[in-house]
2 protein chains.
Amino acid sequence: MILDSVDFFYASMPDVTLEADGSQDALLVRVVTDDGHFGWGECEASPLTSIAAFVTPRSHGVCQPVSASVIGERLDSPADIARIAQLVARNSMDLLQAAHTWSGIEIALWDLLGTVREEPVWRLLGYSENHAKVPYASMLMGDTPQATLDRARAARENGFHAVKFGWGAYGTGTAAADADHVAAAREGLGGDAKLLIDAGQIWGSDVDAASARLDALEAAGATWLEEPFEPHAYVAHARLAERARTVGIAGGEGAHTVHMATNLIDFGRVSFIQVDAARIGGIGPAKTVADHAVRSGITYVNHTFTSHLALSASLQPYAGLADHRLCEYPVEPKQVALDLSTTHIRPDANGEIRAPDAPGLGIDVDLDGLAPYLRRVEISIDDEVVYASPRVASRVRDAV
Amino acid sequence: MILDSVDFFYASMPDVTLEADGSQDALLVRVVTDDGHFGWGECEASPLTSIAAFVTPRSHGVCQPVSASVIGERLDSPADIARIAQLVARNSMDLLQAAHTWSGIEIALWDLLGTVREEPVWRLLGYSENHAKVPYASMLMGDTPQATLDRARAARENGFHAVKFGWGAYGTGTAAADADHVAAAREGLGGDAKLLIDAGQIWGSDVDAASARLDALEAAGATWLEEPFEPHAYVAHARLAERARTVGIAGGEGAHTVHMATNLIDFGRVSFIQVDAARIGGIGPAKTVADHAVRSGITYVNHTFTSHLALSASLQPYAGLADHRLCEYPVEPKQVALDLSTTHIRPDANGEIRAPDAPGLGIDVDLDGLAPYLRRVEISIDDEVVYASPRVASRVRDAV
């Protein structure tokens with residue numbers, strides 16, 4: 001098969017707010033081959049910028065648009081996906097956004113190949129089993145400890161055995177105030193659920209500020225402290241990991257290359273590596289990190305905060321790893337993230353989820369459902385249109 | 001002063017080729033304050049994508065356009081520049097291209113502040129002296145060893161005491177073929193000039209492939225081997241550095257955060273850290289890396305392959321470091337890179353160059369000269385124009 005076209009569908013809620021909720025917009029990618037097969041993927045964040053990286057005029061030989069390495073290429077096997085990835089890495093070396101744009105395309109290529117071969121992507125990756133994961137609910141820290149406690153209790157009532165709290169005011173005030181929130185979260189969860197805390201890079205690379213939170217985290221039996229620092233601050237990560245006794249340090253969602261994630265393991269000494277397939281270059285690189293996590297004796301976790309298409313993509317790289325059990329699950333995504341597919345990955349009777357046992361990613365994209373949210377982008381240079389969003393006939397656009 | 005507006009000027013040669021020559025286009029940035037002061041900066045590579053990152057609709061609270069952290073901010077001191085940099089890092093955390101867009105703006109803020117204070121930027125950075133640098137000529141490796149020899153000889157005749165060869169076929173064939181080129185380069189240069197070799201990431205993270213070139217490099221007395229690997233491949237860099245005896249490993253131009261560069265020093269064990277101020281977040285972060293290089297006992301070098309505005313910006317961070325002598329100098333840039341300023345930084349009678357001893361960056365941008373090269377960009381979303389290039393009256397546009 002030859003890759004004939006790549007279409008981008010930029011969807012968003014009518015109002016995108018300042019909350020730390022990544023499900024407010026989406027950049028969906030459809031790749032179509034010369035013989036009419038197609039696959040779907042999704043890029044993480046800032047749709048306009050990722051579209052621009054696909055169509056931008058070249059600046060020189062190693063700053064070419066992502067399109068230059070994709071359109072017209074042959075796709076017959078997973079090796080072709082890796083080969084095209086190398087082309088993008090080389091030809092778009094100096095185009096920073098290229099990794100995010102390529103991620104969505106790479107995911108679509110796996111979906112396409114799996115669909116054609118009638119195999120789930122996790123089988124194409126070499127796994128023979130598709131193990132159940134424990135979805136954790138990601139929630140914003142409450143405005144007060146009582147609000148945090150109430151949310152924790154509600155998450156337990158909704159069947160979650162693991163809950164993550166973060167952002168909001170966490171890390172911005174005193175260590176004592178943060179300790180109150182962490183204790184409240186544990187109280188709301190009860191003793192047997194996993195408690196995860198996300199600092200959202202709030203301490204930059206200030207090891208002392210992060211260390212001041214460790215006692216409270218360990219008293220509450222927190223499983224991990226996520227993203228205490230900026231993603232490249234390996235020295236700070238390693239120092240904090242040295243000071244921690246029972247709580248693990250987690251991070252990695254910012255990785256846009258395999259090495260960024262493996263460095264966080266090798267030099268940053270994290271215990272949990274969290275990979276967003278829609279940023280790191282897709283499913284192939286994420287699998288490479290999962291292999292490295294296994295070799296290093298640490299735990300792989302997905303990072304996902306958007307649609308069920310992105311969720312399926314993020315599950316594939318570690319579907320076959322029985323001991324890597326936790327899974328980020330978007331509990332209360334915005335409606336656009338739900339409406340973009342008719343298929344959804346729901347917890348089973350045990351409260352567990354799995355990657356779909358279906359060809360490709362196993363998620364049916366619903367262009368009709370998406371239509372009300374679509375944004376029309378047009379980019380012209382010297383009055384020549386270099387990009388225009390594909391037209392989607394919609395029966396429901398007027399409904400929004 | 002309040003930052004009132006940021007204008008982007010996207011200029012390019014009529015034909016942008018696939019050669020590894022970064023001077024074929026430019027994204028110039030002008031920042032204007034409420035009291036009418038202005039400064040100029042430049043972003044590295046892929047102008048359309050960097051413009052998109054400035055105007056893109058937000059995806060969520062930490063994926064905001066760069067504009068959200070800049071327009072309306074106060075600028076009275078270097079501390080304000082660092083403060084705005086922190087805002088960008090936080091508010092555009094998930095927008096990968098933001099670092100490149102912000103770099104050009106940050107450079108313009110230093111130029112602006114220096115102009116208002118009538119001080120060169122290197123003084124604002126705390127340096128009391130502005131030391132001469134030895135410019136090295138960057139050239140493509142020839143198609144044959146004889147062509148490489150001829151180029152080396154010509155560079156010496158043009159007064160250069162240091163010459164860098166790279167790209168072309170280097171690293172793509174056998175180690176023996178590469179050795180012939182390196183020996184030819186040394187022969188053309190004579191014994192007393194510095195020889196630098198640039199591999200342009202050609203070996204990915206393959207330490208053995210890179211190691212196979214070390215003997216020839218050391219026999220020719222090469223000062224450094226630049227970018228043998230991808231920028232995040234610290235383990236590979238460190239292993240190669242261990243095997244090298246007299247040739248230093250160089251790298252860092254891909255760094256888009258301070259930590260990426262300091263990690264390459266701390267974990268990659270490079271001997272030369274090469275920073276592009278137009279990628280790493282501007283002059284402030286580049287100075288932070290220079291300080292780290294001094295503490296680490298390794299050598300700071302600029303990376304510049306575009307205009308003399310970018311060259312001045314790249315000299316400021318280490319202008320006061322007497323022992324850090326080498327400087328990348330664009331020897332044969334494309335005409336657009338020369339025409340964008342009336343001021344140029346030329347070697348003196350000793351063949352040395354310095355950062356301008358003039359307010360700000362000391363480079364007069366020539367909008368008239370630039371006019372023939374300007375590209376008009378327009379971006380609309382849902383039929384609303386979110387970006388349109390500023391109009392520049394031109395008396396010469398028709399001449400191209």
# chains A, B, ... in the order shown; residues from 1 in each chain; ligands from 1
call {"tool": "closest_atom_pairs", "arguments": {"of": "chain B", "to": "chain A", "cutoff": "7 Å", "atoms": "only C-alpha atoms", "output": "CSV"}}
result
residue,atom,partner,partner_atom,distance
B:Val16,CA,A:His60,CA,6.5
B:Thr17,CA,A:His60,CA,6.1
B:Leu18,CA,A:Gly61,CA,3.8
B:Glu19,CA,A:Gly61,CA,5.0
B:Ala20,CA,A:Gly61,CA,5.1
B:Asp21,CA,A:His60,CA,6.0
B:Gly22,CA,A:His60,CA,5.9
B:Gln24,CA,A:Ser59,CA,6.4
B:Asp25,CA,A:Ser59,CA,5.9
B:Ala45,CA,A:Ser59,CA,5.9
B:Ser46,CA,A:Ser59,CA,5.7
B:Leu48,CA,A:Thr56,CA,5.7
B:Thr49,CA,A:Ala52,CA,5.1
B:Ala52,CA,A:Thr49,CA,5.1
B:Ala53,CA,A:Thr49,CA,5.5
B:Thr56,CA,A:Leu48,CA,5.7
B:Arg58,CA,A:Ser46,CA,6.7
B:Ser59,CA,A:Ser46,CA,5.6
B:His60,CA,A:Leu18,CA,5.2
B:Gly61,CA,A:Leu18,CA,3.8
B:Val62,CA,A:Ala20,CA,6.5
B:Cys63,CA,A:Ser46,CA,6.8
B:Asp94,CA,A:Ala45,CA,6.8
B:Leu95,CA,A:Ser46,CA,6.3
B:Leu96,CA,A:Gln97,CA,5.4
B:Gln97,CA,A:Gln97,CA,4.9
B:His232,CA,A:His259,CA,5.5
B:Ala233,CA,A:His259,CA,6.0
B:His259,CA,A:His232,CA,5.5
B:Met260,CA,A:His232,CA,6.2
B:Arg375,CA,A:Asp382,CA,5.9
B:Arg376,CA,A:Asp382,CA,4.8
B:Val377,CA,A:Ile381,CA,4.6
B:Glu378,CA,A:Ser380,CA,5.2
B:Ile379,CA,A:Ile379,CA,4.5
B:Ser380,CA,A:Glu378,CA,5.3
B:Ile381,CA,A:Val377,CA,4.6
B:Asp382,CA,A:Arg376,CA,4.8
call {"tool": "write_last_selection", "arguments": {"atoms": "C-alpha atoms", "output": "short mmCIF file (atom, residue, chain, number, x, y, z; two decimals), in the first residue's frame"}}
result
data_model
loop_
_atom_site.label_atom_id
_atom_site.label_comp_id
_atom_site.auth_asym_id
_atom_site.auth_seq_id
_atom_site.Cartn_x
_atom_site.Cartn_y
_atom_site.Cartn_z
CA VAL B 16 14.60 26.84 -0.72
CA THR B 17 16.70 23.80 -1.54
CA LEU B 18 17.39 20.55 0.32
CA GLU B 19 20.96 21.49 1.23
CA ALA B 20 21.78 21.65 4.94
CA ASP B 21 21.95 25.43 4.83
CA GLY B 22 19.88 27.14 7.51
CA GLN B 24 17.67 30.03 3.30
CA ASP B 25 14.85 31.53 5.33
CA ALA B 45 13.65 27.39 11.39
CA SER B 46 10.13 26.61 10.19
CA LEU B 48 5.04 29.04 9.68
CA THR B 49 5.08 26.58 12.59
CA ALA B 52 1.24 29.14 14.55
CA ALA B 53 2.54 28.53 18.07
CA THR B 56 -2.91 28.96 18.10
CA ARG B 58 -5.45 27.30 23.56
CA SER B 59 -6.00 23.59 24.15
CA HIS B 60 -6.14 23.95 27.95
CA GLY B 61 -4.53 25.85 30.82
CA VAL B 62 -0.96 24.68 30.18
CA CYS B 63 -1.25 24.53 26.41
CA ASP B 94 2.35 21.09 26.30
CA LEU B 95 3.03 23.16 23.16
CA LEU B 96 6.27 21.71 21.82
CA GLN B 97 7.08 24.46 19.31
CA HIS B 232 18.95 13.13 23.71
CA ALA B 233 21.27 10.11 23.27
CA HIS B 259 18.44 21.14 31.03
CA MET B 260 18.83 19.52 27.60
CA ARG B 375 6.26 35.87 2.56
CA ARG B 376 2.68 36.83 3.39
CA VAL B 377 1.06 34.36 5.78
CA GLU B 378 -2.61 34.30 6.64
CA ILE B 379 -4.25 31.85 9.02
CA SER B 380 -7.98 31.69 9.62
CA ILE B 381 -10.10 29.50 11.87
CA ASP B 382 -13.83 29.27 11.17
#
call {"tool": "select_by_dssp", "arguments": {"residues": "stretch 115-186 of chain B", "states": "helix (DSSP H, G or I)", "output": "ChimeraX atom specification"}}
result
/B:115-117,121-124,145-157,175-186
call {"tool": "residues_around", "arguments": {"residues": "A:Val247", "least_positions_apart": "6", "cutoff": "9 Å", "atoms": "only C-alpha atoms", "output": "list in words"}}
result
Leu214, Leu217, Glu218, Gly221, Ala222, Thr223, Trp224, Leu225 and Ala241 of chain A
call {"tool": "write_last_selection", "arguments": {"atoms": "N, CA and C atoms", "output": "compact mmCIF listing (two decimals), in the first residue's frame"}}
result
# COMPACT_ATOMS: atom_id res chain seq x y z
N LEU A 214 7.35 14.86 50.98
CA LEU A 214 7.50 13.39 50.99
C LEU A 214 6.87 12.74 52.23
N LEU A 217 3.17 12.35 51.94
CA LEU A 217 2.83 11.38 50.90
C LEU A 217 3.04 9.95 51.42
N GLU A 218 4.12 9.76 52.14
CA GLU A 218 4.43 8.41 52.62
C GLU A 218 3.51 8.02 53.79
N GLY A 221 0.50 6.71 52.40
CA GLY A 221 0.68 5.52 51.57
C GLY A 221 0.49 5.80 50.09
N ALA A 222 0.86 6.99 49.62
CA ALA A 222 0.74 7.30 48.19
C ALA A 222 1.66 6.39 47.38
N THR A 223 1.16 5.94 46.24
CA THR A 223 1.96 5.07 45.37
C THR A 223 3.02 5.86 44.62
N TRP A 224 2.62 7.01 44.10
CA TRP A 224 3.62 7.83 43.41
C TRP A 224 3.38 9.32 43.58
N LEU A 225 4.48 10.07 43.37
CA LEU A 225 4.44 11.52 43.21
C LEU A 225 4.84 11.78 41.76
N ALA A 241 14.34 11.05 44.17
CA ALA A 241 14.15 9.59 44.27
C ALA A 241 15.01 9.00 45.38
call {"tool": "closest_residue", "arguments": {"among": "A:Ala184, A:Ala278, A:Leu264, A:Ala176", "to": "A:Gly252", "atoms": "only C-alpha atoms"}}
result
A:Leu264
call {"tool": "residues_around", "arguments": {"residues": "A:Leu189", "least_positions_apart": "3", "cutoff": "9 Å", "atoms": "only C-alpha atoms", "output": "MDAnalysis selection string"}}
result
chainID A and resid 149 151:156 161:163 184:186 192:195
call {"tool": "write_last_selection", "arguments": {"atoms": "N, CA and C atoms", "output": "compact mmCIF listing (two decimals), in the first residue's frame"}}
result
# COMPACT_ATOMS: atom_id res chain seq x y z
N LEU A 149 -11.63 15.30 49.83
CA LEU A 149 -12.17 14.10 50.48
C LEU A 149 -13.46 13.65 49.78
N ARG A 151 -14.42 14.18 46.73
CA ARG A 151 -14.14 13.62 45.40
C ARG A 151 -13.58 12.21 45.50
N ALA A 152 -12.72 12.00 46.48
CA ALA A 152 -12.13 10.68 46.66
C ALA A 152 -13.21 9.66 46.97
N ARG A 153 -14.11 10.05 47.85
CA ARG A 153 -15.20 9.15 48.24
C ARG A 153 -16.07 8.82 47.03
N ALA A 154 -16.39 9.85 46.23
CA ALA A 154 -17.23 9.65 45.04
C ALA A 154 -16.55 8.71 44.05
N ALA A 155 -15.24 8.86 43.89
CA ALA A 155 -14.52 8.00 42.95
C ALA A 155 -14.59 6.54 43.40
N ARG A 156 -14.48 6.31 44.70
CA ARG A 156 -14.60 4.94 45.22
C ARG A 156 -16.00 4.40 44.97
N HIS A 161 -10.54 1.76 41.92
CA HIS A 161 -9.64 1.22 42.94
C HIS A 161 -8.34 2.02 43.03
N ALA A 162 -8.23 3.02 42.19
CA ALA A 162 -7.04 3.88 42.19
C ALA A 162 -7.47 5.27 41.72
N VAL A 163 -7.00 6.28 42.40
CA VAL A 163 -7.42 7.65 42.08
C VAL A 163 -6.20 8.57 42.13
N ALA A 184 -6.62 14.08 53.38
CA ALA A 184 -8.05 14.05 53.08
C ALA A 184 -8.35 13.07 51.95
N ALA A 185 -7.48 13.06 50.94
CA ALA A 185 -7.67 12.15 49.82
C ALA A 185 -7.63 10.70 50.31
N ARG A 186 -6.66 10.41 51.18
CA ARG A 186 -6.57 9.05 51.71
C ARG A 186 -7.80 8.71 52.53
N ASP A 192 -7.73 0.83 51.24
CA ASP A 192 -7.29 -0.19 50.28
C ASP A 192 -7.11 0.30 48.84
N ALA A 193 -7.51 1.52 48.55
CA ALA A 193 -7.36 2.01 47.16
C ALA A 193 -6.00 2.69 46.98
N LYS A 194 -5.52 2.65 45.74
CA LYS A 194 -4.24 3.30 45.46
C LYS A 194 -4.44 4.81 45.34
N LEU A 195 -3.55 5.55 45.99
CA LEU A 195 -3.58 7.01 45.93
C LEU A 195 -2.36 7.51 45.16
call {"tool": "select_by_dssp", "arguments": {"residues": "stretch 57-297 of chain A", "states": "strand (DSSP E or B)", "output": "JSON, numbers by chain"}}
result
{"A": [60, 63, 74, 120, 133, 134, 135, 136, 137, 138, 139, 140, 162, 163, 164, 165, 166, 194, 195, 196, 197, 198, 224, 225, 226, 248, 249, 250, 251, 272, 273, 274, 275]}
call {"tool": "residues_around", "arguments": {"residues": "B:Pro330", "least_positions_apart": "3", "cutoff": "8 Å", "atoms": "only C-alpha atoms", "output": "MDAnalysis selection string"}}
result
chainID B and resid 137:138 304:307 333
call {"tool": "write_last_selection", "arguments": {"atoms": "N, CA and C atoms", "output": "PDB file, in the first residue's frame"}}
result
ATOM      1  N   ALA B 137      34.888  28.814   9.939  1.00  0.00           N
ATOM      2  CA  ALA B 137      34.092  28.725   8.723  1.00  0.00           C
ATOM      3  C   ALA B 137      33.409  27.359   8.691  1.00  0.00           C
ATOM      4  N   SER B 138      32.092  27.366   8.530  1.00  0.00           N
ATOM      5  CA  SER B 138      31.334  26.111   8.399  1.00  0.00           C
ATOM      6  C   SER B 138      31.168  25.783   6.929  1.00  0.00           C
ATOM      7  N   THR B 304      25.186  29.004  15.084  1.00  0.00           N
ATOM      8  CA  THR B 304      24.532  30.029  14.264  1.00  0.00           C
ATOM      9  C   THR B 304      24.745  29.703  12.803  1.00  0.00           C
ATOM     10  N   PHE B 305      23.667  29.726  12.050  1.00  0.00           N
ATOM     11  CA  PHE B 305      23.830  29.463  10.628  1.00  0.00           C
ATOM     12  C   PHE B 305      22.919  30.374   9.815  1.00  0.00           C
ATOM     13  N   THR B 306      22.580  31.540  10.388  1.00  0.00           N
ATOM     14  CA  THR B 306      21.623  32.381   9.674  1.00  0.00           C
ATOM     15  C   THR B 306      22.156  33.804   9.531  1.00  0.00           C
ATOM     16  N   SER B 307      21.464  34.772  10.135  1.00  0.00           N
ATOM     17  CA  SER B 307      21.779  36.191   9.897  1.00  0.00           C
ATOM     18  C   SER B 307      22.779  36.743  10.911  1.00  0.00           C
ATOM     19  N   PRO B 333      26.464  32.705   3.737  1.00  0.00           N
ATOM     20  CA  PRO B 333      25.011  32.600   3.881  1.00  0.00           C
ATOM     21  C   PRO B 333      24.310  33.031   2.603  1.00  0.00           C
TER      22      PRO B 333
END
call {"tool": "residues_around", "arguments": {"residues": "stretch 312-328 of chain A", "least_positions_apart": "3", "cutoff": "7 Å", "atoms": "only C-alpha atoms", "output": "VMD selection string"}}
result
chain A and resid 107 121 to 122 127 to 131 133 to 137 276 to 277 283 286 to 287 290 299 to 304 308 to 309 355 361
call {"tool": "write_last_selection", "arguments": {"atoms": "N, CA and C atoms", "output": "PDB file, in the first residue's frame"}}
result
ATOM      1  N   ILE A 107       0.229   6.605  14.881  1.00  0.00           N
ATOM      2  CA  ILE A 107      -0.869   5.838  15.482  1.00  0.00           C
ATOM      3  C   ILE A 107      -1.844   5.382  14.393  1.00  0.00           C
ATOM      4  N   VAL A 121      -3.600  -4.122  17.292  1.00  0.00           N
ATOM      5  CA  VAL A 121      -2.239  -3.564  17.240  1.00  0.00           C
ATOM      6  C   VAL A 121      -1.329  -4.276  18.231  1.00  0.00           C
ATOM      7  N   TRP A 122      -1.855  -4.607  19.433  1.00  0.00           N
ATOM      8  CA  TRP A 122      -0.967  -5.252  20.414  1.00  0.00           C
ATOM      9  C   TRP A 122      -0.413  -6.565  19.898  1.00  0.00           C
ATOM     10  N   TYR A 127       2.870  -8.977  21.156  1.00  0.00           N
ATOM     11  CA  TYR A 127       2.262  -9.540  22.372  1.00  0.00           C
ATOM     12  C   TYR A 127       1.284 -10.642  21.991  1.00  0.00           C
ATOM     13  N   SER A 128       1.248 -11.698  22.807  1.00  0.00           N
ATOM     14  CA  SER A 128       0.258 -12.754  22.564  1.00  0.00           C
ATOM     15  C   SER A 128      -0.921 -12.631  23.522  1.00  0.00           C
ATOM     16  N   GLU A 129      -0.768 -11.827  24.550  1.00  0.00           N
ATOM     17  CA  GLU A 129      -1.865 -11.649  25.506  1.00  0.00           C
ATOM     18  C   GLU A 129      -2.192 -10.171  25.673  1.00  0.00           C
ATOM     19  N   ASN A 130      -3.425  -9.931  26.106  1.00  0.00           N
ATOM     20  CA  ASN A 130      -3.921  -8.579  26.300  1.00  0.00           C
ATOM     21  C   ASN A 130      -4.421  -8.485  27.734  1.00  0.00           C
ATOM     22  N   HIS A 131      -3.541  -8.064  28.624  1.00  0.00           N
ATOM     23  CA  HIS A 131      -3.856  -8.119  30.053  1.00  0.00           C
ATOM     24  C   HIS A 131      -4.744  -6.959  30.510  1.00  0.00           C
ATOM     25  N   LYS A 133      -6.080  -4.006  32.835  1.00  0.00           N
ATOM     26  CA  LYS A 133      -5.423  -2.914  33.578  1.00  0.00           C
ATOM     27  C   LYS A 133      -6.406  -2.348  34.604  1.00  0.00           C
ATOM     28  N   VAL A 134      -5.834  -1.798  35.657  1.00  0.00           N
ATOM     29  CA  VAL A 134      -6.639  -1.118  36.673  1.00  0.00           C
ATOM     30  C   VAL A 134      -6.693   0.365  36.313  1.00  0.00           C
ATOM     31  N   PRO A 135      -7.853   0.843  35.854  1.00  0.00           N
ATOM     32  CA  PRO A 135      -7.930   2.253  35.471  1.00  0.00           C
ATOM     33  C   PRO A 135      -7.899   3.142  36.709  1.00  0.00           C
ATOM     34  N   TYR A 136      -7.087   4.172  36.651  1.00  0.00           N
ATOM     35  CA  TYR A 136      -7.182   5.119  37.761  1.00  0.00           C
ATOM     36  C   TYR A 136      -7.899   6.376  37.295  1.00  0.00           C
ATOM     37  N   ALA A 137      -8.687   6.927  38.202  1.00  0.00           N
ATOM     38  CA  ALA A 137      -9.431   8.141  37.907  1.00  0.00           C
ATOM     39  C   ALA A 137      -8.522   9.337  38.157  1.00  0.00           C
ATOM     40  N   ASP A 276       3.012   9.236  26.805  1.00  0.00           N
ATOM     41  CA  ASP A 276       1.881   9.611  25.974  1.00  0.00           C
ATOM     42  C   ASP A 276       2.231   9.250  24.529  1.00  0.00           C
ATOM     43  N   ALA A 277       1.550   8.230  24.013  1.00  0.00           N
ATOM     44  CA  ALA A 277       1.843   7.767  22.645  1.00  0.00           C
ATOM     45  C   ALA A 277       1.599   8.876  21.626  1.00  0.00           C
ATOM     46  N   ILE A 283       3.011   4.738  18.727  1.00  0.00           N
ATOM     47  CA  ILE A 283       2.949   3.471  19.449  1.00  0.00           C
ATOM     48  C   ILE A 283       4.295   2.738  19.429  1.00  0.00           C
ATOM     49  N   ALA A 286       6.667   4.194  21.976  1.00  0.00           N
ATOM     50  CA  ALA A 286       6.134   3.914  23.317  1.00  0.00           C
ATOM     51  C   ALA A 286       6.444   2.468  23.713  1.00  0.00           C
ATOM     52  N   LYS A 287       6.327   1.531  22.736  1.00  0.00           N
ATOM     53  CA  LYS A 287       6.670   0.128  23.002  1.00  0.00           C
ATOM     54  C   LYS A 287       8.159  -0.015  23.340  1.00  0.00           C
ATOM     55  N   ALA A 290       8.501   0.881  26.838  1.00  0.00           N
ATOM     56  CA  ALA A 290       7.963  -0.191  27.695  1.00  0.00           C
ATOM     57  C   ALA A 290       8.995  -1.307  27.840  1.00  0.00           C
ATOM     58  N   THR A 299       8.057   0.430  36.346  1.00  0.00           N
ATOM     59  CA  THR A 299       6.698   0.212  35.846  1.00  0.00           C
ATOM     60  C   THR A 299       6.311   1.205  34.752  1.00  0.00           C
ATOM     61  N   TYR A 300       5.757   0.663  33.679  1.00  0.00           N
ATOM     62  CA  TYR A 300       5.247   1.477  32.570  1.00  0.00           C
ATOM     63  C   TYR A 300       3.795   1.841  32.833  1.00  0.00           C
ATOM     64  N   VAL A 301       3.448   3.096  32.555  1.00  0.00           N
ATOM     65  CA  VAL A 301       2.059   3.549  32.668  1.00  0.00           C
ATOM     66  C   VAL A 301       1.761   4.427  31.459  1.00  0.00           C
ATOM     67  N   ASN A 302       0.538   4.354  30.964  1.00  0.00           N
ATOM     68  CA  ASN A 302       0.152   5.261  29.877  1.00  0.00           C
ATOM     69  C   ASN A 302      -0.123   6.661  30.414  1.00  0.00           C
ATOM     70  N   HIS A 303      -0.037   7.658  29.554  1.00  0.00           N
ATOM     71  CA  HIS A 303      -0.574   8.985  29.849  1.00  0.00           C
ATOM     72  C   HIS A 303      -1.637   9.288  28.809  1.00  0.00           C
ATOM     73  N   THR A 304      -2.845   9.549  29.248  1.00  0.00           N
ATOM     74  CA  THR A 304      -3.955   9.815  28.334  1.00  0.00           C
ATOM     75  C   THR A 304      -4.953  10.715  29.022  1.00  0.00           C
ATOM     76  N   HIS A 308     -11.172   8.096  23.577  1.00  0.00           N
ATOM     77  CA  HIS A 308     -10.985   6.650  23.677  1.00  0.00           C
ATOM     78  C   HIS A 308     -10.135   6.120  22.519  1.00  0.00           C
ATOM     79  N   LEU A 309     -10.027   6.877  21.452  1.00  0.00           N
ATOM     80  CA  LEU A 309      -9.065   6.519  20.407  1.00  0.00           C
ATOM     81  C   LEU A 309      -7.646   6.658  20.965  1.00  0.00           C
ATOM     82  N   ALA A 355      -7.251  -3.136  26.282  1.00  0.00           N
ATOM     83  CA  ALA A 355      -7.225  -2.691  24.890  1.00  0.00           C
ATOM     84  C   ALA A 355      -8.235  -3.531  24.120  1.00  0.00           C
ATOM     85  N   LEU A 361      -6.914  -0.400  16.164  1.00  0.00           N
ATOM     86  CA  LEU A 361      -7.125   0.135  17.511  1.00  0.00           C
ATOM     87  C   LEU A 361      -8.504  -0.233  18.043  1.00  0.00           C
TER      88      LEU A 361
END
call {"tool": "residues_around", "arguments": {"residues": "B:Val88", "least_positions_apart": "4", "cutoff": "7 Å", "atoms": "only C-alpha atoms", "output": "PyMOL selection string"}}
result
chain B and resi 66+69+84+92
call {"tool": "atom_distance", "arguments": {"atom1": "atom CA of B:Ala216", "atom2": "atom CA of B:Tyr329"}}
result
25.4 Å
call {"tool": "closest_residue", "arguments": {"among": "B:Ala132, B:Ala293, B:Ala209, B:Ala310", "to": "B:Cys43", "atoms": "only C-alpha atoms"}}
result
B:Ala310
call {"tool": "closest_residue", "arguments": {"among": "A:Arg354, A:His292, A:Arg213, A:Arg74", "to": "A:Asp178", "atoms": "only C-alpha atoms"}}
result
A:Arg213
call {"tool": "decode", "arguments": {"residues": "stretch 247-257 of chain B", "atoms": "N, CA and C atoms", "output": "tab-separated table (two decimals), in the first residue's frame"}}
result
chain	number	residue	atom	x	y	z
B	247	VAL	N	40.40	13.90	20.58
B	247	VAL	CA	39.32	14.66	19.94
B	247	VAL	C	38.17	14.81	20.95
B	248	GLY	N	37.64	16.03	21.05
B	248	GLY	CA	36.51	16.26	21.96
B	248	GLY	C	35.19	15.97	21.26
B	249	ILE	N	34.18	15.60	22.04
B	249	ILE	CA	32.84	15.43	21.48
B	249	ILE	C	32.09	16.74	21.69
B	250	ALA	N	31.39	17.17	20.63
B	250	ALA	CA	30.65	18.44	20.67
B	250	ALA	C	29.19	18.20	20.35
B	251	GLY	N	28.33	19.06	20.85
B	251	GLY	CA	26.90	18.94	20.55
B	251	GLY	C	26.10	19.94	21.34
B	252	GLY	N	24.80	19.96	21.11
B	252	GLY	CA	23.92	20.81	21.90
B	252	GLY	C	23.02	21.73	21.10
B	253	GLU	N	23.23	21.83	19.78
B	253	GLU	CA	22.43	22.78	19.02
B	253	GLU	C	20.94	22.48	19.04
B	254	GLY	N	20.59	21.22	19.28
B	254	GLY	CA	19.18	20.85	19.32
B	254	GLY	C	18.49	21.17	20.64
B	255	ALA	N	19.25	21.65	21.62
B	255	ALA	CA	18.66	21.88	22.95
B	255	ALA	C	17.58	22.96	22.90
B	256	HIS	N	16.39	22.63	23.38
B	256	HIS	CA	15.34	23.64	23.46
B	256	HIS	C	14.96	23.93	24.91
B	257	THR	N	15.75	23.40	25.85
B	257	THR	CA	15.65	23.81	27.25
B	257	THR	C	17.07	23.84	27.81
